[in-house]
>>> print(open('entry37.txt').read())   # compact mmCIF, C-alpha atoms
# COMPACT_ATOMS: atom_id res chain seq x y z
CA MET S 1 -116.62 192.45 -117.72
CA ASP S 2 -119.57 190.05 -117.70
CA LEU S 3 -122.39 189.11 -120.09
CA GLN S 4 -124.41 192.11 -119.01
CA THR S 5 -121.69 194.56 -120.09
CA LEU S 6 -120.15 192.57 -122.95
CA PRO S 7 -120.28 194.56 -126.23
CA LEU S 8 -122.77 193.09 -128.71
CA ILE S 9 -122.56 193.22 -132.49
CA SER S 10 -125.65 192.00 -134.27
CA ALA S 11 -124.41 189.90 -137.20
CA ASP S 12 -127.97 189.92 -138.57
CA SER S 13 -129.82 193.22 -138.81
CA HIS S 14 -131.92 194.66 -141.60
CA VAL S 15 -133.05 197.87 -143.21
CA GLU S 16 -136.54 198.28 -144.65
CA GLU S 17 -136.19 199.77 -148.12
CA PRO S 18 -138.67 202.38 -149.42
CA SER S 19 -141.33 200.67 -151.49
CA ALA S 20 -140.51 202.90 -154.46
CA LEU S 21 -136.72 202.48 -154.26
CA TRP S 22 -136.43 200.32 -157.36
CA HIS S 23 -139.53 201.41 -159.24
CA ALA S 24 -138.58 205.08 -159.04
CA ASN S 25 -134.98 204.54 -160.11
CA LEU S 26 -135.46 202.09 -162.98
CA PRO S 27 -136.34 203.08 -166.54
CA ASP S 28 -139.85 202.26 -167.73
CA SER S 29 -138.51 199.37 -169.82
CA MET S 30 -137.34 197.53 -166.68
CA ARG S 31 -140.17 198.16 -164.22
CA GLY S 32 -142.29 195.36 -165.61
CA HIS S 33 -139.62 192.82 -164.63
CA LEU S 34 -139.83 193.62 -160.90
CA PRO S 35 -141.32 190.94 -158.63
CA PRO S 36 -144.16 192.14 -156.37
CA GLU S 37 -141.89 192.07 -153.31
CA LEU S 38 -139.86 194.96 -154.75
CA GLY S 39 -142.95 197.15 -155.03
CA PRO S 40 -145.42 198.66 -152.54
CA GLN S 41 -146.02 196.54 -149.44
CA HIS S 42 -149.12 196.50 -147.28
CA ALA S 43 -149.01 195.94 -143.52
CA SER S 44 -150.33 197.47 -140.33
CA ALA S 45 -148.50 200.70 -139.56
CA THR S 46 -149.16 200.19 -135.84
CA GLN S 47 -147.62 196.70 -135.86
CA PHE S 48 -144.61 197.89 -137.83
CA ALA S 49 -144.12 200.82 -135.45
CA LYS S 50 -143.82 198.45 -132.49
CA ARG S 51 -141.19 196.41 -134.32
CA ILE S 52 -138.95 199.47 -134.59
CA GLY S 53 -139.44 200.66 -131.03
CA ILE S 54 -142.41 203.04 -131.23
CA GLU S 55 -144.94 201.84 -128.65
CA ASP S 56 -146.88 205.09 -128.34
CA ALA S 57 -149.78 205.12 -130.78
CA ALA S 58 -149.92 208.91 -130.66
CA ARG S 59 -146.29 209.07 -131.74
CA THR S 60 -147.05 206.71 -134.60
CA ARG S 61 -149.86 208.96 -135.79
CA GLU S 62 -147.55 211.98 -135.59
CA ILE S 63 -144.99 210.33 -137.86
CA THR S 64 -147.46 208.88 -140.31
CA GLY S 65 -149.55 212.05 -140.35
CA ALA S 66 -146.51 214.01 -141.48
CA ALA S 67 -145.92 211.37 -144.14
CA ALA S 68 -149.48 211.65 -145.41
CA ALA S 69 -149.16 215.43 -145.63
CA ALA S 70 -146.06 214.91 -147.78
CA GLY S 71 -147.85 212.40 -149.99
CA ALA S 72 -146.09 209.30 -148.60
CA SER S 73 -147.67 206.16 -147.19
CA ASP S 74 -147.84 205.48 -143.45
CA LEU S 75 -145.71 202.40 -143.85
CA ASP S 76 -143.03 204.13 -145.89
CA ALA S 77 -142.71 206.80 -143.21
CA LEU S 78 -141.93 204.06 -140.69
CA ARG S 79 -139.66 202.17 -143.05
CA ALA S 80 -137.60 205.31 -143.48
CA LEU S 81 -136.79 205.28 -139.77
CA THR S 82 -134.86 202.02 -140.21
CA ALA S 83 -132.48 203.93 -142.51
CA ASP S 84 -132.19 206.88 -140.13
CA PRO S 85 -128.90 206.63 -138.19
CA GLU S 86 -130.14 208.50 -135.13
CA ARG S 87 -133.26 206.36 -134.89
CA ARG S 88 -131.17 203.19 -135.17
CA PHE S 89 -128.80 204.50 -132.49
CA ALA S 90 -131.75 204.98 -130.14
CA VAL S 91 -132.89 201.39 -130.74
CA MET S 92 -129.34 200.06 -130.33
CA ARG S 93 -128.92 201.86 -127.00
CA LEU S 94 -132.18 200.42 -125.71
CA ASP S 95 -131.21 196.92 -126.86
CA GLY S 96 -127.57 197.06 -125.75
CA ILE S 97 -126.12 196.77 -129.28
CA SER S 98 -122.77 198.37 -130.21
CA GLY S 99 -122.70 197.65 -133.94
CA GLU S 100 -124.77 196.07 -136.71
CA CYS S 101 -124.18 194.03 -139.87
CA ILE S 102 -127.03 195.26 -142.05
CA TYR S 103 -128.78 193.48 -144.92
CA PRO S 104 -131.70 194.28 -147.23
CA SER S 105 -135.25 193.06 -146.64
CA ALA S 106 -137.28 193.36 -149.85
CA GLY S 107 -134.00 193.33 -151.77
CA LEU S 108 -133.56 189.66 -150.93
CA TYR S 109 -136.07 188.93 -153.70
CA ALA S 110 -133.96 190.65 -156.37
CA TRP S 111 -132.34 187.35 -157.39
CA ASN S 112 -135.79 186.10 -158.46
CA ILE S 113 -135.72 188.56 -161.37
CA ALA S 114 -135.38 186.76 -164.70
CA ASP S 115 -134.13 189.72 -166.74
CA ALA S 116 -130.38 190.15 -166.19
CA ARG S 117 -130.19 193.87 -166.94
CA THR S 118 -132.99 194.63 -164.50
CA GLY S 119 -131.45 192.45 -161.79
CA GLU S 120 -128.07 194.08 -162.20
CA ALA S 121 -129.62 197.55 -162.04
CA CYS S 122 -131.55 196.66 -158.87
CA CYS S 123 -128.34 195.57 -157.13
CA ARG S 124 -126.58 198.80 -158.08
CA ILE S 125 -129.53 200.92 -156.93
CA TYR S 126 -129.63 199.25 -153.51
CA ASN S 127 -125.86 199.43 -153.02
CA GLU S 128 -125.71 203.15 -153.73
CA TRP S 129 -128.73 203.80 -151.51
CA ILE S 130 -127.48 201.83 -148.48
CA ALA S 131 -123.98 203.30 -148.80
CA ASP S 132 -125.45 206.79 -148.66
CA ARG S 133 -128.10 206.20 -145.98
CA LEU S 134 -126.20 204.09 -143.43
CA ALA S 135 -122.76 202.73 -144.37
CA SER S 136 -121.19 206.16 -144.80
CA ARG S 137 -122.79 207.63 -141.67
CA SER S 138 -121.16 205.64 -138.88
CA PRO S 139 -118.54 202.91 -138.32
CA ARG S 140 -121.20 201.13 -136.24
CA PHE S 141 -123.02 200.18 -139.45
CA ARG S 142 -121.33 197.59 -141.67
CA CYS S 143 -123.62 197.02 -144.62
CA ALA S 144 -123.63 194.26 -147.22
CA GLY S 145 -123.80 195.05 -150.92
CA MET S 146 -125.86 192.96 -153.32
CA ILE S 147 -123.93 191.16 -156.05
CA PRO S 148 -125.63 190.61 -159.44
CA THR S 149 -125.11 186.95 -160.29
CA TRP S 150 -126.65 186.91 -163.78
CA SER S 151 -123.15 187.50 -165.22
CA ILE S 152 -119.78 186.73 -163.61
CA ASP S 153 -118.24 189.79 -165.27
CA ALA S 154 -120.97 192.03 -163.83
CA ALA S 155 -120.61 190.34 -160.44
CA ILE S 156 -116.86 190.96 -160.32
CA ALA S 157 -117.32 194.58 -161.38
CA GLU S 158 -119.83 195.15 -158.58
CA VAL S 159 -117.58 193.44 -156.00
CA LYS S 160 -114.86 195.93 -156.87
CA ARG S 161 -117.35 198.79 -156.60
CA LEU S 162 -118.41 197.69 -153.12
CA ALA S 163 -114.99 198.58 -151.76
CA ASP S 164 -115.25 202.07 -153.26
CA LEU S 165 -118.71 202.48 -151.71
CA GLY S 166 -117.43 201.45 -148.27
CA LEU S 167 -119.62 198.35 -148.05
CA ALA S 168 -118.50 195.49 -145.86
CA ALA S 169 -119.70 192.23 -147.42
CA ALA S 170 -120.65 190.69 -150.74
CA MET S 171 -124.19 189.30 -150.64
CA LEU S 172 -125.00 186.36 -152.91
CA PRO S 173 -128.18 184.27 -153.04
CA LEU S 174 -128.19 181.20 -150.83
CA VAL S 175 -129.14 179.07 -153.83
CA GLY S 176 -126.89 179.84 -156.77
CA THR S 177 -127.52 179.27 -160.47
CA PRO S 178 -125.53 177.29 -161.47
CA GLU S 179 -124.67 175.48 -158.23
CA TYR S 180 -121.72 176.88 -156.30
CA ASN S 181 -119.41 173.98 -157.17
CA HIS S 182 -119.51 175.02 -160.85
CA ARG S 183 -116.16 176.18 -162.16
CA GLY S 184 -117.79 179.31 -163.55
CA TRP S 185 -117.80 180.84 -160.06
CA GLN S 186 -114.04 180.54 -159.58
CA ARG S 187 -113.19 184.02 -160.86
CA LEU S 188 -115.75 185.55 -158.51
CA TRP S 189 -114.38 183.64 -155.51
CA SER S 190 -110.91 184.91 -156.33
CA ALA S 191 -112.10 188.51 -156.71
CA ILE S 192 -113.94 188.53 -153.37
CA GLU S 193 -111.03 186.85 -151.59
CA GLU S 194 -108.57 189.36 -153.03
CA ILE S 195 -110.62 192.34 -151.84
CA GLY S 196 -111.04 190.75 -148.41
CA LEU S 197 -114.82 190.78 -148.01
CA PRO S 198 -116.90 188.00 -146.46
CA VAL S 199 -119.61 186.43 -148.60
CA VAL S 200 -123.05 186.60 -146.98
CA MET S 201 -125.99 184.42 -148.01
CA HIS S 202 -129.38 185.07 -146.45
CA GLN S 203 -131.99 182.37 -145.99
CA GLY S 204 -134.66 182.31 -148.65
CA SER S 205 -132.67 184.11 -151.33
CA GLY S 206 -132.31 182.69 -154.83
CA HIS S 207 -135.18 180.23 -154.60
CA ASP S 208 -138.91 179.87 -153.97
CA MET S 209 -139.49 179.58 -150.21
CA LEU S 210 -142.93 177.97 -150.58
CA PHE S 211 -142.14 174.27 -150.37
CA TYR S 212 -145.50 173.46 -148.76
CA ARG S 213 -149.00 174.88 -148.46
CA GLY S 214 -151.79 174.22 -146.00
CA PRO S 215 -151.66 173.29 -142.30
CA GLY S 216 -148.21 173.66 -140.79
CA ALA S 217 -146.73 175.18 -143.92
CA ALA S 218 -145.44 178.46 -142.44
CA VAL S 219 -143.03 176.88 -139.94
CA SER S 220 -142.19 173.93 -142.19
CA ASN S 221 -141.28 176.28 -145.03
CA LEU S 222 -138.99 178.19 -142.67
CA LEU S 223 -137.20 174.98 -141.69
CA SER S 224 -136.93 173.93 -145.32
CA THR S 225 -135.37 177.17 -146.47
CA GLN S 226 -132.87 177.05 -143.61
CA SER S 227 -131.91 173.55 -144.78
CA MET S 228 -130.38 175.14 -147.87
CA ALA S 229 -127.49 176.31 -145.66
CA PRO S 230 -125.97 172.88 -144.90
CA ARG S 231 -126.48 171.93 -148.55
CA ALA S 232 -124.56 174.96 -149.78
CA ALA S 233 -121.89 174.76 -147.07
CA SER S 234 -121.17 171.08 -147.69
CA MET S 235 -120.89 171.75 -151.43
CA LEU S 236 -118.42 174.58 -150.85
CA ALA S 237 -116.33 172.33 -148.60
CA THR S 238 -116.38 169.05 -150.51
CA SER S 239 -115.91 170.66 -153.94
CA GLY S 240 -112.64 172.27 -152.87
CA VAL S 241 -113.84 175.90 -153.04
CA LEU S 242 -112.89 176.52 -149.39
CA ALA S 243 -109.57 174.70 -149.69
CA ASP S 244 -108.68 176.68 -152.82
CA HIS S 245 -109.64 180.01 -151.23
CA PRO S 246 -108.50 179.82 -147.59
CA ALA S 247 -109.12 183.51 -146.86
CA LEU S 248 -112.70 183.42 -148.17
CA HIS S 249 -115.41 183.27 -145.48
CA PHE S 250 -119.10 182.53 -145.97
CA VAL S 251 -121.72 183.80 -143.52
CA PHE S 252 -125.11 182.07 -143.71
CA VAL S 253 -127.54 184.64 -142.35
CA GLU S 254 -130.64 183.73 -140.36
CA THR S 255 -130.20 180.02 -141.01
CA ASN S 256 -129.47 179.24 -137.34
CA ALA S 257 -126.28 177.30 -136.63
CA GLY S 258 -127.21 174.02 -134.97
CA TRP S 259 -126.81 172.34 -138.38
CA LEU S 260 -123.07 173.07 -138.41
CA SER S 261 -122.07 170.25 -136.05
CA TRP S 262 -124.31 167.72 -137.83
CA THR S 263 -122.92 168.79 -141.21
CA MET S 264 -119.30 168.55 -140.05
CA CYS S 265 -119.80 165.02 -138.70
CA THR S 266 -121.90 163.79 -141.62
CA VAL S 267 -119.71 165.01 -144.48
CA ASP S 268 -116.54 163.75 -142.80
CA TYR S 269 -118.01 160.27 -142.38
CA TYR S 270 -119.21 159.93 -145.96
CA TYR S 271 -116.20 161.70 -147.44
CA GLU S 272 -114.06 158.88 -146.04
CA ALA S 273 -116.57 156.03 -146.46
CA PHE S 274 -117.28 156.77 -150.13
CA GLN S 275 -113.60 156.63 -151.01
CA GLN S 276 -114.05 152.84 -151.02
CA TYR S 277 -115.86 153.32 -154.31
CA GLU S 278 -113.37 154.25 -156.97
CA GLY S 279 -113.96 157.67 -158.47
CA TRP S 280 -116.88 158.65 -156.23
CA VAL S 281 -115.12 161.30 -154.14
CA LYS S 282 -113.71 164.16 -156.18
CA PRO S 283 -111.59 166.04 -155.29
CA ILE S 284 -109.52 164.45 -152.55
CA LEU S 285 -108.88 167.32 -150.17
CA PRO S 286 -105.73 168.04 -148.10
CA GLU S 287 -107.93 167.95 -144.95
CA LYS S 288 -111.32 166.53 -144.02
CA PRO S 289 -114.30 168.70 -145.06
CA SER S 290 -115.01 169.66 -141.44
CA HIS S 291 -111.64 171.40 -141.28
CA TYR S 292 -112.80 173.90 -143.91
CA LEU S 293 -116.32 174.20 -142.51
CA ARG S 294 -114.89 175.02 -139.07
CA ARG S 295 -112.43 177.53 -140.54
CA GLN S 296 -114.52 179.39 -143.12
CA ILE S 297 -118.26 178.78 -142.63
CA HIS S 298 -120.40 180.78 -140.19
CA GLY S 299 -124.09 180.77 -139.30
CA THR S 300 -126.11 183.50 -137.59
CA PHE S 301 -128.91 182.89 -135.12
CA GLN S 302 -131.15 184.81 -132.77
CA PHE S 303 -131.86 181.91 -130.41
CA ASP S 304 -130.24 178.55 -131.03
CA PRO S 305 -129.46 176.60 -127.84
CA VAL S 306 -128.53 173.56 -129.95
CA ALA S 307 -125.70 175.46 -131.63
CA VAL S 308 -124.49 176.63 -128.22
CA HIS S 309 -124.72 173.11 -126.79
CA ASN S 310 -122.62 171.77 -129.67
CA LEU S 311 -119.75 174.22 -129.19
CA PRO S 312 -117.37 171.35 -128.29
CA LEU S 313 -117.89 169.99 -131.82
CA THR S 314 -117.75 173.23 -133.82
CA GLY S 315 -115.70 175.65 -131.77
CA ALA S 316 -116.84 179.25 -131.32
CA ALA S 317 -115.63 180.72 -134.63
CA PRO S 318 -118.49 179.41 -136.86
CA LEU S 319 -121.22 180.91 -134.62
CA LEU S 320 -122.52 184.47 -134.93
CA TRP S 321 -125.33 185.97 -132.87
CA GLY S 322 -127.71 188.53 -134.39
CA SER S 323 -130.88 190.33 -133.31
CA ASP S 324 -132.65 190.30 -136.72
CA PHE S 325 -133.93 193.83 -136.03
CA PRO S 326 -136.48 195.05 -137.13
CA HIS S 327 -138.17 191.78 -138.06
CA ALA S 328 -140.93 190.45 -135.84
CA GLU S 329 -139.09 187.19 -135.08
CA GLY S 330 -136.02 189.07 -133.83
CA THR S 331 -134.84 189.58 -130.25
CA TYR S 332 -135.40 193.36 -129.96
CA PRO S 333 -135.91 194.76 -127.32
CA ARG S 334 -134.84 191.71 -125.28
CA SER S 335 -131.43 191.05 -126.84
CA ARG S 336 -129.49 191.35 -123.57
CA GLU S 337 -131.88 188.96 -121.88
CA VAL S 338 -131.62 186.45 -124.74
CA VAL S 339 -127.81 186.62 -124.78
CA ARG S 340 -127.68 186.06 -121.03
CA GLU S 341 -129.98 183.05 -121.30
CA LEU S 342 -127.99 181.51 -124.16
CA PHE S 343 -124.47 182.06 -122.86
CA GLU S 344 -124.63 182.06 -119.06
CA LYS S 345 -122.93 178.64 -118.93
CA VAL S 346 -120.52 179.23 -121.84
CA ALA S 347 -116.86 180.13 -121.39
CA PHE S 348 -116.62 183.91 -121.42
CA ASP S 349 -114.06 184.09 -124.24
CA ASP S 350 -116.26 181.90 -126.46
CA ALA S 351 -119.33 184.01 -125.72
CA ALA S 352 -117.39 187.20 -126.49
CA GLN S 353 -116.42 185.84 -129.90
CA ILE S 354 -119.95 184.70 -130.79
CA VAL S 355 -121.73 187.91 -129.79
CA ALA S 356 -119.18 190.38 -131.16
CA GLY S 357 -115.57 189.34 -131.76
CA THR S 358 -115.95 187.19 -134.86
CA ALA S 359 -118.35 189.64 -136.52
CA ALA S 360 -115.93 192.49 -135.77
CA ARG S 361 -113.16 190.56 -137.49
CA LEU S 362 -115.10 189.34 -140.53
CA PHE S 363 -116.86 192.65 -141.26
CA HIS S 364 -113.85 194.81 -140.35
CA PHE S 365 -115.46 196.93 -137.65
CA ASP S 366 -113.38 199.77 -136.30
CA PRO S 367 -112.04 198.64 -132.87
CA SER S 368 -113.59 201.71 -131.26
CA VAL S 369 -117.05 200.21 -131.83
CA LEU S 370 -116.31 197.60 -129.15
CA THR S 371 -114.63 199.98 -126.72
CA THR S 372 -116.64 203.20 -126.97
CA PRO S 373 -120.19 203.37 -125.54
CA LEU S 374 -122.88 204.37 -128.00
>>> encode(input="entry37.txt", output="structure tokens")
Amino acid sequence: MDLQTLPLISADSHVEEPSALWHANLPDSMRGHLPPELGPQHASATQFAKRIGIEDAARTREITGAAAAAGASDLDALRALTADPERRFAVMRLDGISGECIYPSAGLYAWNIADARTGEACCRIYNEWIADRLASRSPRFRCAGMIPTWSIDAAIAEVKRLADLGLAAAMLPLVGTPEYNHRGWQRLWSAIEEIGLPVVMHQGSGHDMLFYRGPGAAVSNLLSTQSMAPRAASMLATSGVLADHPALHFVFVETNAGWLSWTMCTVDYYYEAFQQYEGWVKPILPEKPSHYLRRQIHGTFQFDPVAVHNLPLTGAAPLLWGSDFPHAEGTYPRSREVVRELFEKVAFDDAAQIVAGTAARLFHFDPSVLTTPL
């Protein structure tokens, strides 16, 4: 087996939710609390079609024409294809993907909702929808469920429900309120660890992504929101959360992973240096912070040669490759080419873990996904 035939699991894939998913399923009293991102979206149907593998304009018109006849929007007709198992299988075959870890798109804005009851209802609506549309249809789809964080009791209840729904991960916002070193989270950490799910945190969730405006803002905002990952990871390590919950893994989605080596080195240095000042470093951990980061923290990336270059510092386990399908910045339909470029000089066993093995273990994929052609 070589890189060209190595099974690939995308640790970062998405579904595009129907624009009316939440509005249609919420009572009138809650609809006014929805942010605009959880309502109708406007984009070019032709551009969106190309993102999901439909290059033929005539084929696009055929799909969207049928949608119009049924009273649906062009864009919703195309969005629906991302929740169609057979359509996803066709894309996966073309891209050389054996399995996918699947996250929401518009749903990532749910944690911006101020009203707790509405936020909790939105999480439940998405979880039931994704369980029905994809998670229950094939072992090749391992879908994350959204956890309502407005109340710890509600969060724990939904974590327990995820297992019954067959969902594979507990999704929390990257920026928590309160911060993730607060003792109030401890019961949730214990509940997730007991059930055996990974925690996933997607870039941009739980906070305003617009740090800057004007020239250069788009790319600078992207870098800024990804910087929330080392901040959260270092807090989880230095506060003792990871030491106290050794079976609990955190996957930082679409944050890239080059920051992992810098974070490991930086927090270790200051963790030791600041112990010269009495009372500064609390708690004193059994191991250095990097031990826990290396063991329990993971970052996904589409193309991150820095993370690959720094493998001697991090090891392979913290790194997860993902295509980010169907988003425009993803690697579809060139995933095989990208993987070959990234890993051609990497030890084969390390590459196998980064592009499939670790995701298969964390998200509990059926072994047949890696051994049976799609």
>>> closest_residue(input="entry37.txt", among="S:His327, S:Arg336, S:Lys345, S:His364", to="Gly96 in chain S", atoms="only C-alpha atoms")
S:Arg336
>>> residues_around(input="entry37.txt", residues="Met30 in chain S", least_positions_apart="4", cutoff="8 Å", atoms="only C-alpha atoms", output="list in words")
Leu26, Leu34 and Thr118 of chain S
>>> closest_atom_pairs(input="entry37.txt", of="range 106-142 of chain S", to="range 150-172 of chain S", cutoff="7 Å", atoms="all atoms listed in the file", output="Markdown table")
| residue | atom | partner | partner_atom | distance |
| --- | --- | --- | --- | --- |
| S:Ala116 | CA | S:Trp150 | CA | 5.5 |
| S:Ala131 | CA | S:Leu165 | CA | 6.1 |
| S:Ala135 | CA | S:Leu167 | CA | 6.5 |
| S:Ser136 | CA | S:Gly166 | CA | 7.0 |
| S:Arg142 | CA | S:Ala168 | CA | 5.5 |
>>> residues_around(input="entry37.txt", residues="Asp304 in chain S", least_positions_apart="2", cutoff="8 Å", atoms="all atoms listed in the file", output="VMD selection string")
chain S and resid 256 to 258 301 to 302 306 to 308 342
>>> atom_distance(input="entry37.txt", atom1="CA of Pro286 in chain S", atom2="CA of Gly299 in chain S")
24.0 Å
>>> residues_around(input="entry37.txt", residues="Ile97 in chain S", least_positions_apart="3", cutoff="7 Å", atoms="all atoms listed in the file", output="short mmCIF file (atom, residue, chain, number, x, y, z; two decimals) with C-alpha atoms, in the frame of the given file")
data_model
loop_
_atom_site.label_atom_id
_atom_site.label_comp_id
_atom_site.auth_asym_id
_atom_site.auth_seq_id
_atom_site.Cartn_x
_atom_site.Cartn_y
_atom_site.Cartn_z
CA PRO S 7 -120.28 194.56 -126.23
CA LEU S 8 -122.77 193.09 -128.71
CA ILE S 9 -122.56 193.22 -132.49
CA SER S 10 -125.65 192.00 -134.27
CA MET S 92 -129.34 200.06 -130.33
CA ARG S 93 -128.92 201.86 -127.00
#
>>> atom_distance(input="entry37.txt", atom1="CA of Ala24 in chain S", atom2="CA of Leu75 in chain S")
17.0 Å
>>> residues_near_point(input="entry37.txt", point="(-122.7, 177.8, -163.8)", cutoff="12 Å", atoms="only C-alpha atoms", output="list in words")
Thr149, Trp150, Ser151, Ile152, Val175, Gly176, Thr177, Pro178, Glu179, Tyr180, Asn181, His182, Arg183, Gly184, Trp185, Gln186, Arg187 and Leu188 of chain S
>>> write_last_selection(input="entry37.txt", atoms="C-alpha atoms", output="tab-separated table (two decimals), in the coordinates of the input")
chain	number	residue	atom	x	y	z
S	149	THR	CA	-125.11	186.95	-160.29
S	150	TRP	CA	-126.65	186.91	-163.78
S	151	SER	CA	-123.15	187.50	-165.22
S	152	ILE	CA	-119.78	186.73	-163.61
S	175	VAL	CA	-129.14	179.07	-153.83
S	176	GLY	CA	-126.89	179.84	-156.77
S	177	THR	CA	-127.52	179.27	-160.47
S	178	PRO	CA	-125.53	177.29	-161.47
S	179	GLU	CA	-124.67	175.48	-158.23
S	180	TYR	CA	-121.72	176.88	-156.30
S	181	ASN	CA	-119.41	173.98	-157.17
S	182	HIS	CA	-119.51	175.02	-160.85
S	183	ARG	CA	-116.16	176.18	-162.16
S	184	GLY	CA	-117.79	179.31	-163.55
S	185	TRP	CA	-117.80	180.84	-160.06
S	186	GLN	CA	-114.04	180.54	-159.58
S	187	ARG	CA	-113.19	184.02	-160.86
S	188	LEU	CA	-115.75	185.55	-158.51
>>> residues_around(input="entry37.txt", residues="Ile297 in chain S", least_positions_apart="4", cutoff="12 Å", atoms="only C-alpha atoms", output="PyMOL selection string")
chain S and resi 198-201+229-230+232-237+241-243+246-253+257+259-261+263-264+289-293+314-320+358+362
>>> atom_distance(input="entry37.txt", atom1="CA of Leu21 in chain S", atom2="CA of Glu100 in chain S")
22.2 Å
>>> closest_residue(input="entry37.txt", among="S:Leu285, S:Phe365, S:Ala347, S:Leu374", to="Phe89 in chain S", atoms="all atoms listed in the file")
S:Leu374
>>> closest_residue(input="entry37.txt", among="S:Pro367, S:Pro85, S:Pro36, S:Gly240", to="Pro283 in chain S", atoms="all atoms listed in the file")
S:Gly240
>>> axis_aligned_box(input="entry37.txt", around="range 129-148 of chain S", padding_each_side="6 Å", output="JSON")
{"center_x": -123.6, "center_y": 199.1, "center_z": -147.8, "size_x": 22.2, "size_y": 29.0, "size_z": 35.2}
>>> closest_residue(input="entry37.txt", among="S:Pro333, S:Gly279, S:Pro18, S:Pro215", to="Ala80 in chain S", atoms="all atoms listed in the file")
S:Pro18
>>> residues_near_point(input="entry37.txt", point="(-132.4, 178.5, -152.3)", cutoff="10 Å", atoms="only C-alpha atoms", output="compact mmCIF listing (two decimals) with C-alpha atoms, in the frame of the given file")
# COMPACT_ATOMS: atom_id res chain seq x y z
CA PRO S 173 -128.18 184.27 -153.04
CA LEU S 174 -128.19 181.20 -150.83
CA VAL S 175 -129.14 179.07 -153.83
CA GLY S 176 -126.89 179.84 -156.77
CA THR S 177 -127.52 179.27 -160.47
CA MET S 201 -125.99 184.42 -148.01
CA HIS S 202 -129.38 185.07 -146.45
CA GLN S 203 -131.99 182.37 -145.99
CA GLY S 204 -134.66 182.31 -148.65
CA SER S 205 -132.67 184.11 -151.33
CA GLY S 206 -132.31 182.69 -154.83
CA HIS S 207 -135.18 180.23 -154.60
CA ASP S 208 -138.91 179.87 -153.97
CA MET S 209 -139.49 179.58 -150.21
CA SER S 224 -136.93 173.93 -145.32
CA THR S 225 -135.37 177.17 -146.47
CA GLN S 226 -132.87 177.05 -143.61
CA SER S 227 -131.91 173.55 -144.78
CA MET S 228 -130.38 175.14 -147.87
CA ALA S 229 -127.49 176.31 -145.66
CA ARG S 231 -126.48 171.93 -148.55
CA ALA S 232 -124.56 174.96 -149.78
>>> build_atoms(input="entry37.txt", residues="range 323-332 of chain S", atoms="N, CA, C and O atoms", output="PDB file, in the coordinates of the input")
ATOM      1  N   SER S 323    -129.559 189.996-133.857  1.00  0.00           N
ATOM      2  CA  SER S 323    -130.880 190.330-133.310  1.00  0.00           C
ATOM      3  C   SER S 323    -131.995 190.209-134.334  1.00  0.00           C
ATOM      4  O   SER S 323    -133.166 190.100-133.978  1.00  0.00           O
ATOM      5  N   ASP S 324    -131.676 190.294-135.629  1.00  0.00           N
ATOM      6  CA  ASP S 324    -132.650 190.300-136.720  1.00  0.00           C
ATOM      7  C   ASP S 324    -133.567 191.523-136.671  1.00  0.00           C
ATOM      8  O   ASP S 324    -134.661 191.499-137.235  1.00  0.00           O
ATOM      9  N   PHE S 325    -133.155 192.592-136.020  1.00  0.00           N
ATOM     10  CA  PHE S 325    -133.930 193.830-136.030  1.00  0.00           C
ATOM     11  C   PHE S 325    -134.076 194.309-137.483  1.00  0.00           C
ATOM     12  O   PHE S 325    -133.135 194.231-138.265  1.00  0.00           O
ATOM     13  N   PRO S 326    -135.241 194.818-137.899  1.00  0.00           N
ATOM     14  CA  PRO S 326    -136.480 195.050-137.130  1.00  0.00           C
ATOM     15  C   PRO S 326    -137.550 193.999-137.395  1.00  0.00           C
ATOM     16  O   PRO S 326    -138.740 194.311-137.324  1.00  0.00           O
ATOM     17  N   HIS S 327    -137.176 192.801-137.710  1.00  0.00           N
ATOM     18  CA  HIS S 327    -138.170 191.780-138.060  1.00  0.00           C
ATOM     19  C   HIS S 327    -138.854 191.235-136.812  1.00  0.00           C
ATOM     20  O   HIS S 327    -138.254 191.160-135.735  1.00  0.00           O
ATOM     21  N   ALA S 328    -140.093 190.824-136.982  1.00  0.00           N
ATOM     22  CA  ALA S 328    -140.930 190.450-135.840  1.00  0.00           C
ATOM     23  C   ALA S 328    -140.369 189.262-135.072  1.00  0.00           C
ATOM     24  O   ALA S 328    -140.584 189.137-133.862  1.00  0.00           O
ATOM     25  N   GLU S 329    -139.645 188.369-135.741  1.00  0.00           N
ATOM     26  CA  GLU S 329    -139.090 187.190-135.080  1.00  0.00           C
ATOM     27  C   GLU S 329    -137.750 187.459-134.413  1.00  0.00           C
ATOM     28  O   GLU S 329    -137.104 186.542-133.894  1.00  0.00           O
ATOM     29  N   GLY S 330    -137.309 188.713-134.422  1.00  0.00           N
ATOM     30  CA  GLY S 330    -136.020 189.070-133.830  1.00  0.00           C
ATOM     31  C   GLY S 330    -136.077 189.179-132.318  1.00  0.00           C
ATOM     32  O   GLY S 330    -137.123 188.964-131.682  1.00  0.00           O
ATOM     33  N   THR S 331    -134.948 189.549-131.712  1.00  0.00           N
ATOM     34  CA  THR S 331    -134.840 189.580-130.250  1.00  0.00           C
ATOM     35  C   THR S 331    -135.044 190.981-129.661  1.00  0.00           C
ATOM     36  O   THR S 331    -135.093 191.123-128.443  1.00  0.00           O
ATOM     37  N   TYR S 332    -135.139 192.021-130.484  1.00  0.00           N
ATOM     38  CA  TYR S 332    -135.400 193.360-129.960  1.00  0.00           C
ATOM     39  C   TYR S 332    -136.774 193.402-129.289  1.00  0.00           C
ATOM     40  O   TYR S 332    -137.733 192.840-129.828  1.00  0.00           O
TER      41      TYR S 332
END
